[in-house]
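The block underneath contains the structure these notes are about, expressed in structure tokens.
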Amino acid sequence: MSLRLFNTLGRSLQEFKPLKANQVGFYGCGPTVYNFAHIGNMRPYVFHDVVTRALRYFGYQVTHVMNITDAGHLTGDDDSGEDKMVKTAIERNKSVMEIAEYYTAAFFKDTAALNVERPTVVCKATEHIAEMIALIQRIEANGYTYFAGGNLYFDVSKFPTYGDFARLRLDDQQASSRIEVDASKKNPYDFVLWFTKSKFEDQALQWDSPWGRGYPGWHVECSAMSMKYLGESFDLHAGGIDHVAIHHTNEIAQSEAATGRKWVNYWLHNEFLVMNAGKMSKSAGGFLTLKSLLDAGYEALDYRYLLLGAHYRSQLTFSYEALDSARSARRSLNERVLALRDKVGQATAPEALQPAALQRLAAFREALENDFSTPQALAELWGVLKEQNLPAADMLGAACEMDRVFGLGLADLKTEIVTVDPAFAAKINTLVQARTVAKQSKDWARADALRDEINTLGVLLEDSPTGTTWKQTARP
RNA sequence: GGCGUCGUACCCAAGUGGUAAGGGAGAGGUCUGCAAAACCUUCAUGCGGCGGUUCAAAUCCGCCCGACGCCUCCA
């Protein structure tokens, strides 16, 4: 089979055909860096990572571009006009750019913990103002704009297919029903390409432009930067489902108005992570960061595993019960892989695998080719680890091969080396010795009493034919 | 009002016409003095409800019930 993906353009499963053989240009919408990212925000980045890894696994050379939105729409969630960047900057006596850098660093710390590979190109909006201005000039030269109330607008009436992407019906829709309509707009769907006046006072970052000093509209950055790094037409663009109606619709209009050609061939949109009560958001509460999960004793990869267990186009309901389940599953996975490694040391190379393992790998590949179905692919990972009569080296080899896409760190697993206080270790060893003596003399009561005592010190005993081992389960 | 999604075992979650993946939890077993760990086995005649199409439906169609997302410079 070949790679098929669900293209928002057409809303159907389509065979993937890149513009250039064996090469893929992929643009994934990046973060807005005016606050910490919550775990729902992290879902698309793990997904983009899987897409990139899977494409590379399939043999494509992938250029993955991600933007950092550090200018242009850095306001609060409640549309109150308060610029949170400015507010935070004043509070901390820092510049706006320092704040952006702070949250950018926090973002990459989270994604790194989640084993998300760094995109090929990471580009900041503030470093591409010239490209944006140049793009807007092209749009203007092609006659798609008008200037009103101090701002340059994109005129959607000049772009007949506007709204086709999101299947909007422009006539009978109450656009922007929840916010005040901008009186300067000819059409409610028109959007700003360049602001010199906005309802927000004191925009922190401003630049000179042919239309006056101001700042770019939000949508422009993705068009300008994607074209700079991937060309005027490219293969893949991904982002959250919420961006279909506005952000991506506008990006398509302005991009194609500028170049006169089709901009993106395939669009991938991920669904949300939701809480029981609904979507996770800052205003609605339930704002969980990756750090809060780490503080609660989970590992970042537990969360990655949880995400891999659901298809990217399905809403995933977050709960600690589900995260516990993911953690248990991943621990078990790690234990199995570690045991295999202890047993054989060397994994079988992919090309030397036995038929049963190759079949699993083929099914794994097929799952990913089917619109990146990580849940099905994960089932194949478990399948190969439980395959009867398959040599351990083959299990290990197949698992490591699959992990190139899963990114669960299976290939790098090491037996955890726990540093234990020597005095504490000596004390435990003495008790264990005493228990061993008791066991040898079949004094079960004393042996059990000693085990209880050891347990209360936060240590778990494991008897085996070769002797008793122990591990710390909690800090004493 | 417009656009869109979902409802599968105790929990998470695949499956898009051919007779219910996987994981977690639970249960049973092997091992063990007993535990623990590990491993093995097991776990939905049924997929929100009612109709319909079909040789065949969780999968297609209709209606109903329920949950949710977007239309805000939230992924």
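Numbering starts fresh at 1 for the residues of each chain in the structure tokens, the chains themselves are lettered A, B, ... in the order given, and ligands are numbered from 1 as they appear.
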- Message: Set the distance at 9 Å and use only C-alpha atoms (C1' of nucleotides): which residues neighbour range 8-16 of chain B once local chain neighbours fewer than 4 positions away are removed? I'd like the list as a PyMOL selection string.
- Response: (chain A and resi 306+309-311+316-319+321-323+325-326+373+375-376+379) or (chain B and resi 20-26+43-44+47+58-59)
Keeping N, CA, C and O atoms (P, O5', C5', C4', C3', O3' and C1' of nucleotides), export the residues of the selection given above as a compact mmCIF listing (two decimals), in the first residue's frame.
# COMPACT_ATOMS: atom_id res chain seq x y z
N LEU A 306 0.18 8.17 25.93
CA LEU A 306 -1.27 8.39 25.97
C LEU A 306 -1.75 8.98 24.64
O LEU A 306 -2.76 8.55 24.10
N GLY A 309 -1.90 6.58 21.76
CA GLY A 309 -2.97 5.59 21.88
C GLY A 309 -4.28 6.01 21.25
O GLY A 309 -5.21 5.21 21.15
N ALA A 310 -4.37 7.26 20.84
CA ALA A 310 -5.60 7.73 20.21
C ALA A 310 -5.27 8.29 18.83
O ALA A 310 -4.18 8.81 18.61
N HIS A 311 -6.19 8.18 17.92
CA HIS A 311 -5.96 8.73 16.58
C HIS A 311 -5.99 10.25 16.65
O HIS A 311 -6.76 10.83 17.39
N LEU A 316 -9.55 13.40 22.37
CA LEU A 316 -9.03 12.49 23.39
C LEU A 316 -9.41 13.05 24.75
O LEU A 316 -9.12 14.19 25.07
N THR A 317 -10.07 12.22 25.53
CA THR A 317 -10.50 12.67 26.85
C THR A 317 -9.39 12.43 27.85
O THR A 317 -9.00 11.29 28.08
N PHE A 318 -8.89 13.50 28.41
CA PHE A 318 -7.83 13.36 29.39
C PHE A 318 -8.40 13.07 30.78
O PHE A 318 -9.37 13.67 31.20
N SER A 319 -7.77 12.13 31.46
CA SER A 319 -8.07 11.91 32.87
C SER A 319 -6.83 11.30 33.49
O SER A 319 -5.99 10.73 32.78
N GLU A 321 -6.85 8.80 35.31
CA GLU A 321 -7.01 7.36 35.17
C GLU A 321 -6.41 6.89 33.84
O GLU A 321 -5.71 5.87 33.77
N ALA A 322 -6.68 7.66 32.78
CA ALA A 322 -6.14 7.32 31.47
C ALA A 322 -4.61 7.46 31.47
O ALA A 322 -3.91 6.65 30.87
N LEU A 323 -4.13 8.48 32.14
CA LEU A 323 -2.68 8.69 32.20
C LEU A 323 -2.00 7.59 33.02
O LEU A 323 -0.93 7.11 32.66
N SER A 325 -3.05 4.59 33.22
CA SER A 325 -3.08 3.44 32.34
C SER A 325 -1.93 3.50 31.33
O SER A 325 -1.27 2.50 31.07
N ALA A 326 -1.69 4.69 30.80
CA ALA A 326 -0.59 4.86 29.86
C ALA A 326 0.75 4.61 30.55
O ALA A 326 1.64 3.99 29.99
N SER A 373 -2.20 6.04 11.69
CA SER A 373 -2.95 5.42 12.78
C SER A 373 -2.00 4.83 13.83
O SER A 373 -1.67 3.65 13.81
N PRO A 375 -2.61 4.24 16.98
CA PRO A 375 -3.18 3.20 17.84
C PRO A 375 -3.01 1.80 17.25
O PRO A 375 -2.65 0.86 17.95
N GLN A 376 -3.25 1.68 15.95
CA GLN A 376 -3.09 0.38 15.31
C GLN A 376 -1.62 -0.01 15.25
O GLN A 376 -1.29 -1.18 15.42
N ALA A 379 -0.54 -1.40 18.49
CA ALA A 379 -1.00 -2.78 18.69
C ALA A 379 -0.01 -3.76 18.07
O ALA A 379 0.20 -4.86 18.58
P A B 20 -16.88 -11.32 15.62
O5' A B 20 -15.66 -10.35 15.35
C5' A B 20 -14.76 -10.11 16.42
C4' A B 20 -14.58 -8.62 16.51
C3' A B 20 -13.58 -8.23 17.59
O3' A B 20 -12.33 -8.14 16.95
C1' A B 20 -15.52 -6.83 17.65
P A B 21 -11.16 -8.83 17.58
O5' A B 21 -10.07 -7.68 17.45
C5' A B 21 -9.20 -7.37 18.50
C4' A B 21 -7.98 -6.78 17.88
C3' A B 21 -6.88 -6.46 18.87
O3' A B 21 -6.13 -7.61 19.17
C1' A B 21 -7.26 -4.60 17.49
P G B 22 -5.91 -8.01 20.69
O5' G B 22 -5.07 -6.76 21.20
C5' G B 22 -3.83 -6.44 20.57
C4' G B 22 -3.37 -5.10 21.06
C3' G B 22 -3.43 -4.92 22.57
O3' G B 22 -2.33 -5.54 23.22
C1' G B 22 -4.36 -3.02 21.53
P G B 23 -2.48 -6.04 24.70
O5' G B 23 -2.44 -4.67 25.50
C5' G B 23 -1.29 -3.83 25.41
C4' G B 23 -1.57 -2.54 26.12
C3' G B 23 -2.03 -2.68 27.56
O3' G B 23 -0.94 -2.90 28.44
C1' G B 23 -3.43 -1.15 26.45
P G B 24 -1.14 -3.75 29.73
O5' G B 24 -2.04 -2.79 30.62
C5' G B 24 -1.51 -1.56 31.10
C4' G B 24 -2.58 -0.80 31.82
C3' G B 24 -3.25 -1.54 32.97
O3' G B 24 -2.46 -1.52 34.14
C1' G B 24 -4.90 -0.48 31.66
P A B 25 -2.46 -2.79 35.11
O5' A B 25 -3.96 -2.79 35.68
C5' A B 25 -4.39 -1.75 36.55
C4' A B 25 -5.86 -1.87 36.82
C3' A B 25 -6.32 -3.22 37.36
O3' A B 25 -6.11 -3.35 38.75
C1' A B 25 -7.76 -2.55 35.61
P G B 26 -5.78 -4.81 39.34
O5' G B 26 -7.10 -5.64 38.99
C5' G B 26 -8.33 -5.36 39.66
C4' G B 26 -9.41 -6.26 39.14
C3' G B 26 -9.14 -7.75 39.28
O3' G B 26 -9.40 -8.23 40.59
C1' G B 26 -9.99 -7.32 37.13
P C B 43 -12.15 -15.05 26.64
O5' C B 43 -12.66 -13.77 27.44
C5' C B 43 -13.67 -13.89 28.44
C4' C B 43 -13.79 -12.59 29.19
C3' C B 43 -13.97 -11.38 28.30
O3' C B 43 -15.35 -11.22 27.99
C1' C B 43 -12.33 -10.93 29.93
P A B 44 -15.84 -11.48 26.48
O5' A B 44 -16.60 -10.11 26.23
C5' A B 44 -17.62 -9.67 27.15
C4' A B 44 -18.55 -8.75 26.41
C3' A B 44 -19.15 -9.41 25.18
O3' A B 44 -20.31 -10.14 25.53
C1' A B 44 -18.30 -7.22 24.67
P C B 47 -25.30 -3.71 20.20
O5' C B 47 -24.22 -2.56 20.07
C5' C B 47 -23.77 -1.82 21.23
C4' C B 47 -22.49 -1.12 20.85
C3' C B 47 -22.67 -0.13 19.71
O3' C B 47 -22.49 1.16 20.28
C1' C B 47 -20.82 -1.61 19.34
P A B 58 -23.33 -5.27 13.26
O5' A B 58 -22.87 -3.79 13.68
C5' A B 58 -23.41 -3.13 14.79
C4' A B 58 -22.72 -1.80 15.01
C3' A B 58 -22.54 -0.97 13.75
O3' A B 58 -23.66 -0.15 13.55
C1' A B 58 -20.48 -1.14 14.90
P U B 59 -23.87 0.59 12.12
O5' U B 59 -22.61 1.54 12.01
C5' U B 59 -22.32 2.26 10.83
C4' U B 59 -20.92 1.96 10.35
C3' U B 59 -20.79 1.99 8.83
O3' U B 59 -20.08 3.17 8.46
C1' U B 59 -19.62 0.14 9.83
Considering only C-alpha atoms (C1' of nucleotides), give me a table of residues in chain A that are at most 6 Å from chain B, with the closest atom pair and distance in Å for each, as CSV.
residue,atom,partner,partner_atom,distance
A:Asn41,CA,B:A75,C1',4.8
A:Pro44,CA,B:A75,C1',5.9
A:His73,CA,B:C73,C1',4.3
A:Gln173,CA,B:G2,C1',5.4
A:Gly240,CA,B:A75,C1',4.5
A:Asp242,CA,B:C70,C1',5.4
A:Ala322,CA,B:C12,C1',5.3
A:Ser325,CA,B:G24,C1',4.4
A:Ala379,CA,B:G22,C1',4.4
A:Glu462,CA,B:A36,C1',5.6
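Residues of range 205-437 of chain A assigned to strand (DSSP E or B) by DSSP on this structure's backbone: Trp207, Gly214, Tyr215, Pro216, Phe234, Asp235, Leu236, His237, Ala238, Gly239, Gly240, Val264, Asn265, Tyr266, Trp267, Leu268, His269, Asn270, Leu273, Val274, Met275, Gly278, Lys279, Ser281, Gly285, Leu316, Thr317 and Asn370 of chain A.
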Would you mind listing, for every residue of range 361-405 of chain A within 8 Å of range 49-61 of chain A, the two atoms forming the shortest contact and the distance between them in Å to one decimal, using only C-alpha atoms, sorted by chain and ascending residue number, as a Markdown table?
| residue | atom | partner | partner_atom | distance |
| --- | --- | --- | --- | --- |
| A:Leu368 | CA | A:Ala54 | CA | 7.1 |
| A:Phe372 | CA | A:Val51 | CA | 7.1 |
| A:Arg404 | CA | A:Arg53 | CA | 6.9 |
| A:Val405 | CA | A:Arg53 | CA | 5.1 |
Resulting file, chosen residues, N, CA, C and O atoms, as an mmCIF file, in the first residue's frame:
data_model
loop_
_atom_site.group_PDB
_atom_site.id
_atom_site.type_symbol
_atom_site.label_atom_id
_atom_site.label_comp_id
_atom_site.auth_asym_id
_atom_site.auth_seq_id
_atom_site.Cartn_x
_atom_site.Cartn_y
_atom_site.Cartn_z
ATOM 1 N N LEU A 368 0.455 3.036 9.803
ATOM 2 C CA LEU A 368 0.898 4.426 9.672
ATOM 3 C C LEU A 368 0.525 5.002 8.314
ATOM 4 O O LEU A 368 0.227 6.188 8.194
ATOM 5 N N PHE A 372 -1.781 7.799 9.417
ATOM 6 C CA PHE A 372 -0.998 7.855 10.652
ATOM 7 C C PHE A 372 -1.750 7.269 11.859
ATOM 8 O O PHE A 372 -1.913 7.932 12.881
ATOM 9 N N ARG A 404 11.380 4.028 15.986
ATOM 10 C CA ARG A 404 11.860 5.174 15.197
ATOM 11 C C ARG A 404 10.705 6.148 14.965
ATOM 12 O O ARG A 404 10.910 7.350 14.858
ATOM 13 N N VAL A 405 9.501 5.607 14.874
ATOM 14 C CA VAL A 405 8.330 6.466 14.676
ATOM 15 C C VAL A 405 7.665 6.825 16.009
ATOM 16 O O VAL A 405 7.289 7.963 16.236
#
- Message: Can you measure CA of Gly239 in chain A to CA of His269 in chain A for me? One decimal in Å is fine.
- Response: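 About the pair CA of Gly239 in chain A and CA of His269 in chain A: they are 5.1 Å apart.
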- Message: Could you list, as a list in words, every residue within 9 Å of G48 in chain B, counting only C-alpha atoms (C1' of nucleotides) and ignoring same-chain residues fewer than 3 positions away?
- Response: G7, C65 and G66 of chain B
- Item | 10 Å contact set for Ala166 in chain A, only C-alpha atoms (C1' of nucleotides), chain neighbours under 4 positions out, as an MDAnalysis selection string | (chainID A and resid 8:11 162 243:246 248:249) or (chainID B and resid 3:4)
Based on the selection just made, write all heavy atoms of those residues as a compact mmCIF listing (two decimals), in the first residue's frame.
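Written output follows (part_7.txt):
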# COMPACT_ATOMS: atom_id res chain seq x y z
N THR A 8 -7.97 17.77 4.68
CA THR A 8 -9.09 18.67 4.96
C THR A 8 -9.59 19.30 3.67
O THR A 8 -10.77 19.58 3.52
CB THR A 8 -8.65 19.77 5.95
OG1 THR A 8 -8.09 19.15 7.10
CG2 THR A 8 -9.83 20.62 6.38
N LEU A 9 -8.66 19.47 2.74
CA LEU A 9 -9.02 19.96 1.42
C LEU A 9 -9.70 18.81 0.68
O LEU A 9 -9.04 17.93 0.15
CB LEU A 9 -7.74 20.38 0.69
CG LEU A 9 -7.83 21.35 -0.48
CD1 LEU A 9 -8.49 22.65 -0.09
CD2 LEU A 9 -6.43 21.63 -1.02
N GLY A 10 -11.03 18.81 0.70
CA GLY A 10 -11.76 17.71 0.09
C GLY A 10 -12.36 16.77 1.12
O GLY A 10 -13.20 15.94 0.80
N ARG A 11 -11.89 16.88 2.35
CA ARG A 11 -12.41 16.06 3.46
C ARG A 11 -12.48 14.59 3.09
O ARG A 11 -13.53 13.95 3.20
CB ARG A 11 -13.82 16.54 3.87
CG ARG A 11 -13.96 18.04 4.05
CD ARG A 11 -13.56 18.48 5.43
NE ARG A 11 -13.49 19.94 5.48
CZ ARG A 11 -14.26 20.70 6.22
NH1 ARG A 11 -15.15 20.16 7.01
NH2 ARG A 11 -14.12 22.00 6.23
N TYR A 162 -13.03 31.94 -1.58
CA TYR A 162 -12.84 32.12 -0.15
C TYR A 162 -13.91 31.33 0.60
O TYR A 162 -15.09 31.43 0.31
CB TYR A 162 -12.95 33.60 0.24
CG TYR A 162 -12.69 33.83 1.71
CD1 TYR A 162 -11.39 34.03 2.18
CD2 TYR A 162 -13.72 33.79 2.65
CE1 TYR A 162 -11.13 34.19 3.52
CE2 TYR A 162 -13.48 33.94 4.00
CZ TYR A 162 -12.17 34.15 4.43
OH TYR A 162 -11.92 34.29 5.77
N HIS A 243 -8.25 25.91 13.60
CA HIS A 243 -7.70 26.87 12.65
C HIS A 243 -8.31 26.78 11.26
O HIS A 243 -8.04 27.61 10.40
CB HIS A 243 -6.18 26.69 12.55
CG HIS A 243 -5.47 27.32 13.69
ND1 HIS A 243 -4.24 26.91 14.12
CD2 HIS A 243 -5.84 28.33 14.52
CE1 HIS A 243 -3.87 27.65 15.16
NE2 HIS A 243 -4.83 28.50 15.42
N VAL A 244 -9.15 25.79 11.05
CA VAL A 244 -9.71 25.58 9.71
C VAL A 244 -10.49 26.81 9.25
O VAL A 244 -10.26 27.34 8.16
CB VAL A 244 -10.62 24.34 9.68
CG1 VAL A 244 -11.31 24.22 8.33
CG2 VAL A 244 -9.80 23.08 9.96
N ALA A 245 -11.40 27.24 10.09
CA ALA A 245 -12.37 28.25 9.65
C ALA A 245 -11.75 29.62 9.42
O ALA A 245 -12.14 30.33 8.49
CB ALA A 245 -13.51 28.35 10.65
N ILE A 246 -10.83 30.01 10.25
CA ILE A 246 -10.32 31.38 10.17
C ILE A 246 -8.88 31.41 9.67
O ILE A 246 -8.58 31.88 8.58
CB ILE A 246 -10.37 32.06 11.56
CG1 ILE A 246 -11.80 32.10 12.08
CG2 ILE A 246 -9.77 33.46 11.48
CD1 ILE A 246 -12.70 33.02 11.32
N HIS A 248 -6.49 29.21 8.69
CA HIS A 248 -6.04 28.55 7.47
C HIS A 248 -6.82 29.02 6.24
O HIS A 248 -6.28 29.10 5.14
CB HIS A 248 -6.10 27.03 7.65
CG HIS A 248 -5.07 26.55 8.63
ND1 HIS A 248 -5.18 25.37 9.31
CD2 HIS A 248 -3.93 27.13 9.07
CE1 HIS A 248 -4.11 25.22 10.12
NE2 HIS A 248 -3.37 26.29 9.98
N THR A 249 -8.08 29.32 6.43
CA THR A 249 -8.87 29.87 5.34
C THR A 249 -8.25 31.18 4.86
O THR A 249 -8.10 31.42 3.65
CB THR A 249 -10.32 30.11 5.83
OG1 THR A 249 -10.94 28.84 6.03
CG2 THR A 249 -11.12 30.91 4.80
P C B 3 -24.59 24.61 7.78
OP1 C B 3 -24.76 24.20 6.37
OP2 C B 3 -25.45 24.02 8.83
O5' C B 3 -23.07 24.38 8.19
C5' C B 3 -22.02 24.85 7.35
C4' C B 3 -20.70 24.60 8.02
O4' C B 3 -20.65 25.30 9.29
C3' C B 3 -20.44 23.15 8.42
O3' C B 3 -20.03 22.35 7.33
C2' C B 3 -19.33 23.33 9.45
O2' C B 3 -18.09 23.60 8.85
C1' C B 3 -19.82 24.58 10.19
N1 C B 3 -20.60 24.24 11.40
C2 C B 3 -19.90 23.85 12.55
O2 C B 3 -18.66 23.80 12.51
N3 C B 3 -20.58 23.53 13.67
C4 C B 3 -21.91 23.58 13.67
N4 C B 3 -22.55 23.26 14.80
C5 C B 3 -22.66 23.97 12.52
C6 C B 3 -21.97 24.29 11.41
P G B 4 -20.50 20.82 7.29
OP1 G B 4 -19.91 20.28 6.06
OP2 G B 4 -21.96 20.74 7.52
O5' G B 4 -19.81 20.17 8.57
C5' G B 4 -18.41 19.97 8.58
C4' G B 4 -17.92 19.62 9.96
O4' G B 4 -18.39 20.56 10.96
C3' G B 4 -18.34 18.30 10.58
O3' G B 4 -17.73 17.19 9.96
C2' G B 4 -17.80 18.50 11.99
O2' G B 4 -16.40 18.40 12.02
C1' G B 4 -18.19 19.97 12.24
N9 G B 4 -19.42 20.05 13.05
C8 G B 4 -20.69 20.37 12.66
N7 G B 4 -21.56 20.32 13.63
C5 G B 4 -20.81 19.94 14.73
C6 G B 4 -21.18 19.71 16.09
O6 G B 4 -22.31 19.81 16.60
N1 G B 4 -20.11 19.34 16.87
C2 G B 4 -18.82 19.19 16.42
N2 G B 4 -17.93 18.80 17.32
N3 G B 4 -18.45 19.40 15.16
C4 G B 4 -19.48 19.77 14.38
- Query: Can you list, as an MDAnalysis selection string, every protein, DNA or RNA residue that comes within 12 Å of Ala339 in chain A when you count only C-alpha atoms (C1' of nucleotides), leaving out same-chain residues fewer than 4 positions away?
  - Reply: (chainID A and resid 332:335 343:345 385 392:393 395:396 410 413:415) or (chainID B and resid 38:39)
- Task: Taking the chain letters and numbering used in this document, name the residues of range 168-361 of chain A that DSSP puts in alpha helix (DSSP H), as a PyMOL selection string.
- Result: chain A and resi 220-230+249-259+290-295+300-308+320-344+355-361
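Remark: for Leu135 in chain A, the closest of the candidate residues A:Lys94, A:Lys109, A:Arg313, A:His219 is A:His219 (distances computed over only C-alpha atoms).
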Leaving out Leu358 in chain A and any residue of its chain fewer than 5 positions from it, which residues lie within 10 Å of it when counting only C-alpha atoms (C1' of nucleotides), given as a PDB file with N, CA, C and O atoms, in the first residue's frame?
ATOM      1  N   PRO A 350      16.941  -4.997  10.839  1.00  0.00           N
ATOM      2  CA  PRO A 350      15.623  -5.092  10.196  1.00  0.00           C
ATOM      3  C   PRO A 350      15.595  -6.052   9.018  1.00  0.00           C
ATOM      4  O   PRO A 350      14.641  -6.817   8.857  1.00  0.00           O
ATOM      5  N   GLU A 351      16.659  -6.047   8.198  1.00  0.00           N
ATOM      6  CA  GLU A 351      16.633  -6.873   6.988  1.00  0.00           C
ATOM      7  C   GLU A 351      16.857  -8.352   7.278  1.00  0.00           C
ATOM      8  O   GLU A 351      16.623  -9.188   6.420  1.00  0.00           O
ATOM      9  N   ALA A 352      17.292  -8.662   8.512  1.00  0.00           N
ATOM     10  CA  ALA A 352      17.566 -10.057   8.832  1.00  0.00           C
ATOM     11  C   ALA A 352      16.464 -10.683   9.688  1.00  0.00           C
ATOM     12  O   ALA A 352      16.610 -11.802  10.177  1.00  0.00           O
ATOM     13  N   LEU A 353      15.367  -9.974   9.863  1.00  0.00           N
ATOM     14  CA  LEU A 353      14.298 -10.464  10.738  1.00  0.00           C
ATOM     15  C   LEU A 353      13.582 -11.674  10.143  1.00  0.00           C
ATOM     16  O   LEU A 353      13.495 -11.820   8.926  1.00  0.00           O
ATOM     17  N   ALA A 363       2.600  -4.738   8.986  1.00  0.00           N
ATOM     18  CA  ALA A 363       1.310  -4.281   9.506  1.00  0.00           C
ATOM     19  C   ALA A 363       1.469  -2.929  10.200  1.00  0.00           C
ATOM     20  O   ALA A 363       0.596  -2.057  10.106  1.00  0.00           O
ATOM     21  N   PHE A 364       2.585  -2.769  10.868  1.00  0.00           N
ATOM     22  CA  PHE A 364       2.911  -1.499  11.513  1.00  0.00           C
ATOM     23  C   PHE A 364       2.984  -0.383  10.469  1.00  0.00           C
ATOM     24  O   PHE A 364       2.397   0.689  10.625  1.00  0.00           O
ATOM     25  N   VAL A 384       4.283  -7.916  18.363  1.00  0.00           N
ATOM     26  CA  VAL A 384       5.588  -8.521  18.083  1.00  0.00           C
ATOM     27  C   VAL A 384       6.282  -8.919  19.384  1.00  0.00           C
ATOM     28  O   VAL A 384       7.035  -9.898  19.425  1.00  0.00           O
ATOM     29  N   ASP A 394      14.983 -10.832  17.550  1.00  0.00           N
ATOM     30  CA  ASP A 394      14.071 -10.339  16.512  1.00  0.00           C
ATOM     31  C   ASP A 394      13.007  -9.430  17.108  1.00  0.00           C
ATOM     32  O   ASP A 394      12.623  -8.427  16.517  1.00  0.00           O
ATOM     33  N   ALA A 398      12.664  -5.607  15.928  1.00  0.00           N
ATOM     34  CA  ALA A 398      11.425  -5.056  15.378  1.00  0.00           C
ATOM     35  C   ALA A 398      10.925  -3.894  16.243  1.00  0.00           C
ATOM     36  O   ALA A 398      10.470  -2.867  15.735  1.00  0.00           O
TER      37      ALA A 398
END
- Message: I'd like the neighbourhood of Asp110 in chain A as number ranges by chain, where a residue qualifies if any of its atoms comes within 9 Å (using only C-alpha atoms (C1' of nucleotides)), though same-chain residues fewer than 4 positions away should be ignored.
- Response: A: 37, 42, 105-106, 114-116, 290-291, 300
- Message: My list of candidates is A:Cys123, A:Ala434, A:Leu338, A:Val274. Which is closest to His38 in chain A when distances are computed with only C-alpha atoms?
- Response: A:Val274
